[in-house]
Amino acid sequence: MKSILLTSIFIFSFMLTNCNPNYKEGSKKIMLNDNWSLISSEELQENGEAISTINYVEDNWIKTSVPKTVLAALVDAGKYEDIYFGKNLEAVDTKQFTVPWWYRKEFEITQKDIDDNYEIVFEGINYKANVWLNGNLVASDKDIEGAFGIFSFNISNKVIPGKNVLAVEIIPPKSGDLTIGFVDWNPSPPDQNMGLWRGVILQKTKTVSLKNVFVKSKVNLETLDEAYLIINGELKNLSSNAVTAKVIGEIDQKSFSKEISLSPNEEKQIELSSKEIHELVFKNPKLWWPNNLGEQNLYNLNLQVIVNEVVSDKEEVTFGIREVEDYKNENGHRGFKVNGKKVMIKSAGWVDDMLLNDSDEKVISQMEYAKHLNLNSIRLEGFWGKNKTLYQAADELGLLLMIGWSCQWEWTGYCGREETDFMCIDTPYDMQLQTEAYMDQVKWLRNHPSVLVWVFGSDKLPLPELERMLNDSINIYDPTRPILATCKGVDKYGYGNMSDVSGDPGVKMLGPYAYVTPNYWYEDTTNGGAYGFNTETGPGPQVPPIESIKRMIPEKDLWPINEMWEYHCGRNEFNTLDRFLSIFNVRYGEAKTLEDFAKKTQVSNYEAIRPMFEAFGVNKHNTTGVVQWMYNSAWPEMFWQLFDHYLMPNGAFYGAKKACQPLNLVYNYKDKNIYLVNDYNENYNGLKANIKVINVNSKILFEKEVLFDALENSSMQVFDMPELENLTKTYFINLELSDSKGNYISDNFYWLSTKEDVLDFENVEWYYTPNKSLGDLTALNSLEVAEVKYKYEITRENGEYVVKVNIDNASDKLAFFIEANIQDKATQQSVLPIFWSDNYVSILPNESKEITGRFSKLSAMENAELVINGINTVNELIQK
């Protein structure tokens, strides 16, 4: 993935340099990201006029870069160490962030360029700011307010030849301000993420500027063999003379142009359409598809504005040709289509690092994980991303993005405003401010083919007046995508969010958020179970492996589970593992040691997440989508994550990966039969399912082969399981799928109990459903030992390491839940991120399994060591 992004950047740069060599270059975009300085206003006597002059001497300023929040800069500078460990976060004094902080930057403009036009662009400021340049006030806090606004100012009359000085006074958010937040997911950052949290750009142009280029595509959905493009943009004549500008474009080696006249100081919306420019009609276009449904084809547009044979301005856009739309099924559940095909949304909730300080490399790795998991979507509750890395990765990986405001803005405890039935954007001033900010985000992101839908509220609706304002604005700036007014719709009892403007949203947000037993997803038909589109849900705690626990919890607090663990849980109802443990201890048996607990919770994590995704697959097309809450974590914790802050996958990661296989055999926990889920847009004939039932003593009690055909994008029952006698209380089902030639496609392995989990639907809480009785899987603690022999080799392929592992169960006993892990012998830590084809695998007696892993981080290949661990295995390395 990293090499793909770098290749894209290289190709794009080459294209820009060579597209129109006959014109003189006159525009330039300069990223002002490096060599900034930072200081608290409490340490200064001078004002912005003095600070923004070349003669000002920095004393005790902290060197930093942007994007960077204030606390992130302090951490990077070594002012605080390991603030995510234990309770170190509490040592950060929050009072220091109640006053303004100054960012200062020097940059150069040459004498030959001084007569050009210059604009300074702030892509993200939290929360207000006063901006000074060379002793002059550019903008005040009356002009700059709000975390999601993008602010641009013409500074042509304030720049000077030689060294220029920019000073930005950041005013922090206060209670009642609508800012960035993390709700109940983790602690609040002590600085409330104040600072320049996105980039700063210096844009140089000549006479005419070009902004907000947008490529819209319309696909022939009947044949998919033709597409029609429309290019929109904004031109502005920055001179007092009338000019004629020539707009020249190039896509896929197709060139086109159009002349446009501009009056003095005129701003004009332009449109280049396939109706008038035949080069914008694409025959047999390379369409963009979501993950597992096709290729993620991308096109590049280079658009230049030529005035007097000089490139006055230009924009470069990467886009995809595809068409998205929504629909409602016969039961009123909203779903989505891409290129005319229904897509079962398999998604999870994203969050940035708590200090908004993730590296681009880490963001890319996390997005790669999503593709690896067979997800096709990510939900952003908030406009996350300190730059466009997340969105570019989504484009290249086929991950559909649901983007909108956070419920941070809906509850008094988080935004400091009085709660109503609607979002807390409730004054004419705020409605205008936030509508403009939302449109800034729309214009910033609308060329990304991965963006599926614009979402307004999370748990609540915007006020009708605000919803109309937003709708009207989006219909201007991006009429190509669906709008979702809220992620919480109307339940089966008629309660919830029914919009006066747009009606029933057709989606649901009915939990659960805490642990539920696996049968819940099949049996529940009124809350979070497998019907409709569940926009956020999941089985709650997802405790990481022991290595990560030791990285976040001090040694003295590692065992037993205590208040320190709770500090690294969620907040409010989710600040404890007690509820989970009360069930875990019955179903799996109480752990006596940290090692035992960490190992068995991965089994539970896997078992809990898998049926959620599988049930939504089995019940398609009454189901249209599901969003696991959450995908990743803003800091090291025990809740709501498929992998942790260190990028360590947990059992839920591999349970989700297994459940989301595009061709998947599934055990239905409700009717106890076997199903096939086909997510592909093609039929499969001659498929074969091999079904085995094994008792706790590793004896095969039942075996059956079933032949069948599968229609595209479908679910079907393939076998009616008989009732078996003499089952042990804990038993297993092994499913293997092969094609008509006997080639392996996928497998699935279940551990089950004859003592059923019985749900207590009479006592449902908003965040979980309790049980009347619980299953018994405690026999897993006393499985007979299986002797495992393994070998592996590590090779270098395409810039990364590939490990191939063969695991042989050389005994007549089941080898249960085997984890493969690559460690760096020099540090004794896992090599992360890592992409295993499968993990936490179970191997039947006298059988073997081959898995592969990919990784890139390692100081030297000879430091790599494979570690194998199973629940009931003794492991012998026979060859490396």
# chains A, B, ... in the order shown; residues from 1 in each chain; ligands from 1
>>> select_by_dssp(residues="stretch 190-380 of chain A", states="strand (DSSP E)", output="JSON, numbers by chain")
{"A": [195, 196, 200, 201, 202, 203, 204, 205, 208, 209, 210, 211, 212, 213, 214, 215, 216, 217, 218, 219, 226, 227, 228, 229, 230, 231, 232, 233, 234, 235, 236, 237, 243, 244, 245, 246, 247, 248, 249, 250, 251, 254, 255, 256, 257, 258, 259, 260, 261, 262, 267, 268, 269, 270, 271, 272, 273, 281, 282, 283, 299, 300, 301, 302, 303, 304, 305, 306, 307, 310, 311, 312, 313, 314, 315, 316, 317, 318, 319, 324, 325, 326, 327, 328, 334, 335, 336, 337, 338, 341, 342, 343, 345, 346, 347, 348, 349, 350, 377, 378, 379, 380]}
>>> residues_around(residues="A:Leu224", least_positions_apart="2", cutoff="8 Å", atoms="only C-alpha atoms", output="ChimeraX atom specification")
/A:219-222,226-227,284-285,339
>>> write_last_selection(atoms="C-alpha atoms", output="PDB file, in the first residue's frame")
ATOM      1  CA  VAL A 219     -22.334   5.988 -15.375  1.00  0.00           C
ATOM      2  CA  ASN A 220     -24.594   4.092 -17.742  1.00  0.00           C
ATOM      3  CA  LEU A 221     -25.872   1.715 -15.077  1.00  0.00           C
ATOM      4  CA  GLU A 222     -27.505  -0.670 -17.537  1.00  0.00           C
ATOM      5  CA  GLU A 226     -20.008   4.419 -20.806  1.00  0.00           C
ATOM      6  CA  ALA A 227     -19.509   7.331 -18.422  1.00  0.00           C
ATOM      7  CA  ASN A 284     -15.554   1.364 -21.404  1.00  0.00           C
ATOM      8  CA  PRO A 285     -14.416   3.361 -18.399  1.00  0.00           C
ATOM      9  CA  ASN A 339     -22.480   1.433 -10.034  1.00  0.00           C
TER      10      ASN A 339
END
>>> residues_around(residues="A:Leu510", least_positions_apart="4", cutoff="10 Å", atoms="only C-alpha atoms", output="NGL selection string")
:A and (488-491 or 496 or 526-529 or 534-537 or 765-768)
>>> write_last_selection(atoms="N, CA, C and O atoms", output="PDB file, in the first residue's frame")
ATOM      1  N   LYS A 488     -29.348   7.565  13.518  1.00  0.00           N
ATOM      2  CA  LYS A 488     -30.318   6.895  14.379  1.00  0.00           C
ATOM      3  C   LYS A 488     -31.715   7.170  13.859  1.00  0.00           C
ATOM      4  O   LYS A 488     -32.208   8.296  13.924  1.00  0.00           O
ATOM      5  N   GLY A 489     -32.367   6.136  13.334  1.00  0.00           N
ATOM      6  CA  GLY A 489     -33.682   6.303  12.751  1.00  0.00           C
ATOM      7  C   GLY A 489     -34.797   5.957  13.715  1.00  0.00           C
ATOM      8  O   GLY A 489     -34.662   6.066  14.931  1.00  0.00           O
ATOM      9  N   VAL A 490     -35.898   5.506  13.166  1.00  0.00           N
ATOM     10  CA  VAL A 490     -37.100   5.183  13.933  1.00  0.00           C
ATOM     11  C   VAL A 490     -37.126   3.686  14.191  1.00  0.00           C
ATOM     12  O   VAL A 490     -36.926   2.885  13.276  1.00  0.00           O
ATOM     13  N   ASP A 491     -37.356   3.287  15.463  1.00  0.00           N
ATOM     14  CA  ASP A 491     -37.373   1.860  15.774  1.00  0.00           C
ATOM     15  C   ASP A 491     -38.739   1.255  15.448  1.00  0.00           C
ATOM     16  O   ASP A 491     -39.647   1.931  14.952  1.00  0.00           O
ATOM     17  N   GLY A 496     -37.814   7.378  17.997  1.00  0.00           N
ATOM     18  CA  GLY A 496     -36.562   7.705  17.337  1.00  0.00           C
ATOM     19  C   GLY A 496     -36.651   9.002  16.579  1.00  0.00           C
ATOM     20  O   GLY A 496     -37.460   9.881  16.908  1.00  0.00           O
ATOM     21  N   THR A 526     -35.792  -6.657  17.256  1.00  0.00           N
ATOM     22  CA  THR A 526     -36.337  -5.328  17.562  1.00  0.00           C
ATOM     23  C   THR A 526     -35.263  -4.304  17.890  1.00  0.00           C
ATOM     24  O   THR A 526     -35.537  -3.098  17.895  1.00  0.00           O
ATOM     25  N   ASN A 527     -34.062  -4.727  18.189  1.00  0.00           N
ATOM     26  CA  ASN A 527     -33.015  -3.782  18.579  1.00  0.00           C
ATOM     27  C   ASN A 527     -31.831  -3.851  17.607  1.00  0.00           C
ATOM     28  O   ASN A 527     -31.977  -3.542  16.449  1.00  0.00           O
ATOM     29  N   GLY A 528     -30.677  -4.298  18.086  1.00  0.00           N
ATOM     30  CA  GLY A 528     -29.487  -4.247  17.250  1.00  0.00           C
ATOM     31  C   GLY A 528     -29.247  -5.452  16.381  1.00  0.00           C
ATOM     32  O   GLY A 528     -28.250  -5.503  15.661  1.00  0.00           O
ATOM     33  N   GLY A 529     -30.146  -6.452  16.428  1.00  0.00           N
ATOM     34  CA  GLY A 529     -29.934  -7.692  15.688  1.00  0.00           C
ATOM     35  C   GLY A 529     -29.877  -7.511  14.185  1.00  0.00           C
ATOM     36  O   GLY A 529     -29.983  -6.381  13.664  1.00  0.00           O
ATOM     37  N   ASN A 534     -27.515  -1.185  10.762  1.00  0.00           N
ATOM     38  CA  ASN A 534     -27.117  -0.803  12.119  1.00  0.00           C
ATOM     39  C   ASN A 534     -25.857   0.047  12.013  1.00  0.00           C
ATOM     40  O   ASN A 534     -24.783  -0.446  11.683  1.00  0.00           O
ATOM     41  N   THR A 535     -25.975   1.338  12.301  1.00  0.00           N
ATOM     42  CA  THR A 535     -24.894   2.284  12.033  1.00  0.00           C
ATOM     43  C   THR A 535     -23.806   2.289  13.095  1.00  0.00           C
ATOM     44  O   THR A 535     -22.747   2.880  12.867  1.00  0.00           O
ATOM     45  N   GLU A 536     -24.052   1.708  14.255  1.00  0.00           N
ATOM     46  CA  GLU A 536     -22.985   1.487  15.234  1.00  0.00           C
ATOM     47  C   GLU A 536     -23.443   0.449  16.239  1.00  0.00           C
ATOM     48  O   GLU A 536     -24.496   0.576  16.858  1.00  0.00           O
ATOM     49  N   THR A 537     -22.630  -0.576  16.393  1.00  0.00           N
ATOM     50  CA  THR A 537     -23.006  -1.676  17.277  1.00  0.00           C
ATOM     51  C   THR A 537     -21.794  -2.566  17.489  1.00  0.00           C
ATOM     52  O   THR A 537     -20.793  -2.450  16.791  1.00  0.00           O
ATOM     53  N   GLU A 765     -31.459  -3.375  28.108  1.00  0.00           N
ATOM     54  CA  GLU A 765     -30.981  -2.010  28.325  1.00  0.00           C
ATOM     55  C   GLU A 765     -30.555  -1.440  26.979  1.00  0.00           C
ATOM     56  O   GLU A 765     -30.329  -2.176  26.017  1.00  0.00           O
ATOM     57  N   TRP A 766     -30.420  -0.112  26.912  1.00  0.00           N
ATOM     58  CA  TRP A 766     -30.116   0.509  25.618  1.00  0.00           C
ATOM     59  C   TRP A 766     -28.780   0.058  25.049  1.00  0.00           C
ATOM     60  O   TRP A 766     -28.559   0.110  23.837  1.00  0.00           O
ATOM     61  N   TYR A 767     -27.890  -0.429  25.908  1.00  0.00           N
ATOM     62  CA  TYR A 767     -26.561  -0.773  25.428  1.00  0.00           C
ATOM     63  C   TYR A 767     -26.240  -2.265  25.500  1.00  0.00           C
ATOM     64  O   TYR A 767     -25.168  -2.679  25.066  1.00  0.00           O
ATOM     65  N   TYR A 768     -27.141  -3.087  26.010  1.00  0.00           N
ATOM     66  CA  TYR A 768     -26.910  -4.535  25.981  1.00  0.00           C
ATOM     67  C   TYR A 768     -28.198  -5.286  26.307  1.00  0.00           C
ATOM     68  O   TYR A 768     -29.158  -4.722  26.846  1.00  0.00           O
TER      69      TYR A 768
END
>>> atom_distance(atom1="atom CA of A:Asp141", atom2="atom CA of A:Leu202")
20.2 Å
>>> residues_around(residues="stretch 666-670 of chain A", least_positions_apart="4", cutoff="6 Å", atoms="only C-alpha atoms", output="number ranges by chain")
A: 519, 522, 674-675
>>> select_by_dssp(residues="stretch 37-261 of chain A", states="helix (DSSP H, G or I)", output="list in words")
Ser41, Glu42, Glu43, Gly48, Glu49, Ala50, Ile51, Val70, Leu71, Ala72, Ala73, Leu74, Val75, Asp76, Asn88, Leu89, Glu90, Ala91, Thr94, Lys95, Gln96, Phe97, Thr98, Gln111, Lys112 and Asp113 of chain A
>>> atom_distance(atom1="atom CA of A:Gly48", atom2="atom CA of A:Ile114")
23.3 Å
>>> closest_residue(among="A:Thr244, A:Ser217, A:Asn839, A:Ser156", to="A:Val281", atoms="only C-alpha atoms")
A:Ser217
>>> closest_residue(among="A:Gly511, A:Gly532, A:Pro544, A:Pro505", to="A:Asn331", atoms="only C-alpha atoms")
A:Gly532
>>> closest_residue(among="A:Ala820, A:Cys407, A:Ile694, A:Ile378", to="A:Val626", atoms="only C-alpha atoms")
A:Ile378
>>> decode(residues="stretch 809-823 of chain A", atoms="all heavy atoms", output="tab-separated table (two decimals), in the first residue's frame")
chain	number	residue	atom	x	y	z
A	809	ASN	N	-0.60	-30.60	12.72
A	809	ASN	CA	-1.11	-31.25	13.92
A	809	ASN	C	-0.77	-32.74	13.83
A	809	ASN	O	-1.45	-33.52	13.15
A	809	ASN	CB	-2.62	-31.05	14.05
A	809	ASN	CG	-3.19	-31.68	15.32
A	809	ASN	OD1	-2.46	-32.28	16.11
A	809	ASN	ND2	-4.50	-31.54	15.51
A	810	ALA	N	0.31	-33.12	14.50
A	810	ALA	CA	0.83	-34.49	14.38
A	810	ALA	C	0.19	-35.44	15.36
A	810	ALA	O	0.72	-36.54	15.60
A	810	ALA	CB	2.35	-34.46	14.58
A	811	SER	N	-0.94	-35.06	15.94
A	811	SER	CA	-1.58	-35.90	16.96
A	811	SER	C	-3.00	-36.26	16.54
A	811	SER	O	-3.50	-35.80	15.51
A	811	SER	CB	-1.63	-35.15	18.29
A	811	SER	OG	-2.57	-34.08	18.23
A	812	ASP	N	-3.64	-37.10	17.35
A	812	ASP	CA	-5.03	-37.45	17.09
A	812	ASP	C	-5.98	-36.59	17.91
A	812	ASP	O	-7.14	-36.96	18.13
A	812	ASP	CB	-5.27	-38.94	17.37
A	812	ASP	CG	-4.97	-39.31	18.81
A	812	ASP	OD1	-4.52	-38.43	19.59
A	812	ASP	OD2	-5.18	-40.48	19.17
A	813	LYS	N	-5.50	-35.41	18.35
A	813	LYS	CA	-6.30	-34.48	19.13
A	813	LYS	C	-6.44	-33.16	18.38
A	813	LYS	O	-5.54	-32.75	17.65
A	813	LYS	CB	-5.66	-34.21	20.50
A	813	LYS	CG	-5.40	-35.47	21.31
A	813	LYS	CD	-6.67	-36.27	21.57
A	813	LYS	CE	-6.36	-37.55	22.34
A	813	LYS	NZ	-7.58	-38.41	22.49
A	814	LEU	N	-7.57	-32.51	18.56
A	814	LEU	CA	-7.78	-31.19	17.98
A	814	LEU	C	-6.75	-30.21	18.54
A	814	LEU	O	-6.53	-30.15	19.75
A	814	LEU	CB	-9.20	-30.70	18.32
A	814	LEU	CG	-9.50	-29.24	17.98
A	814	LEU	CD1	-9.64	-29.05	16.47
A	814	LEU	CD2	-10.79	-28.78	18.69
A	815	ALA	N	-6.13	-29.43	17.66
A	815	ALA	CA	-5.25	-28.33	18.08
A	815	ALA	C	-6.05	-27.04	17.99
A	815	ALA	O	-6.40	-26.59	16.90
A	815	ALA	CB	-4.02	-28.26	17.19
A	816	PHE	N	-6.37	-26.47	19.17
A	816	PHE	CA	-7.36	-25.41	19.23
A	816	PHE	C	-6.74	-24.03	19.36
A	816	PHE	O	-5.87	-23.79	20.20
A	816	PHE	CB	-8.30	-25.66	20.42
A	816	PHE	CG	-9.38	-24.62	20.58
A	816	PHE	CD1	-10.35	-24.46	19.60
A	816	PHE	CD2	-9.42	-23.79	21.70
A	816	PHE	CE1	-11.35	-23.51	19.74
A	816	PHE	CE2	-10.41	-22.84	21.85
A	816	PHE	CZ	-11.39	-22.70	20.87
A	817	PHE	N	-7.17	-23.13	18.49
A	817	PHE	CA	-6.94	-21.69	18.58
A	817	PHE	C	-5.44	-21.35	18.66
A	817	PHE	O	-4.94	-20.83	19.65
A	817	PHE	CB	-7.68	-21.13	19.79
A	817	PHE	CG	-8.18	-19.71	19.60
A	817	PHE	CD1	-9.22	-19.46	18.74
A	817	PHE	CD2	-7.60	-18.64	20.27
A	817	PHE	CE1	-9.70	-18.16	18.55
A	817	PHE	CE2	-8.06	-17.35	20.09
A	817	PHE	CZ	-9.11	-17.10	19.23
A	818	ILE	N	-4.76	-21.65	17.57
A	818	ILE	CA	-3.31	-21.44	17.49
A	818	ILE	C	-3.03	-20.04	16.94
A	818	ILE	O	-3.51	-19.67	15.87
A	818	ILE	CB	-2.66	-22.49	16.58
A	818	ILE	CG1	-2.92	-23.90	17.12
A	818	ILE	CG2	-1.17	-22.24	16.43
A	818	ILE	CD1	-2.52	-24.99	16.16
A	819	GLU	N	-2.24	-19.30	17.68
A	819	GLU	CA	-1.83	-17.96	17.26
A	819	GLU	C	-0.41	-18.02	16.70
A	819	GLU	O	0.49	-18.59	17.32
A	819	GLU	CB	-1.87	-16.98	18.42
A	819	GLU	CG	-1.39	-15.58	18.04
A	819	GLU	CD	-1.12	-14.69	19.24
A	819	GLU	OE1	-1.05	-15.22	20.37
A	819	GLU	OE2	-0.96	-13.47	19.03
A	820	ALA	N	-0.21	-17.41	15.55
A	820	ALA	CA	1.12	-17.22	14.98
A	820	ALA	C	1.51	-15.76	15.15
A	820	ALA	O	0.71	-14.86	14.91
A	820	ALA	CB	1.12	-17.60	13.50
A	821	ASN	N	2.75	-15.54	15.58
A	821	ASN	CA	3.18	-14.18	15.87
A	821	ASN	C	4.65	-14.02	15.49
A	821	ASN	O	5.49	-14.85	15.85
A	821	ASN	CB	2.99	-13.89	17.36
A	821	ASN	CG	3.22	-12.44	17.70
A	821	ASN	OD1	3.01	-11.56	16.87
A	821	ASN	ND2	3.66	-12.18	18.91
A	822	ILE	N	4.95	-12.98	14.75
A	822	ILE	CA	6.34	-12.67	14.42
A	822	ILE	C	6.86	-11.65	15.43
A	822	ILE	O	6.26	-10.59	15.62
A	822	ILE	CB	6.47	-12.10	12.99
A	822	ILE	CG1	6.17	-13.17	11.97
A	822	ILE	CG2	7.86	-11.52	12.75
A	822	ILE	CD1	7.24	-14.23	11.86
A	823	GLN	N	7.96	-12.00	16.08
A	823	GLN	CA	8.59	-11.10	17.04
A	823	GLN	C	9.97	-10.68	16.55
A	823	GLN	O	10.64	-11.42	15.82
A	823	GLN	CB	8.73	-11.78	18.40
A	823	GLN	CG	7.42	-12.00	19.13
A	823	GLN	CD	7.63	-12.56	20.52
A	823	GLN	OE1	8.71	-13.00	20.87
A	823	GLN	NE2	6.58	-12.53	21.32
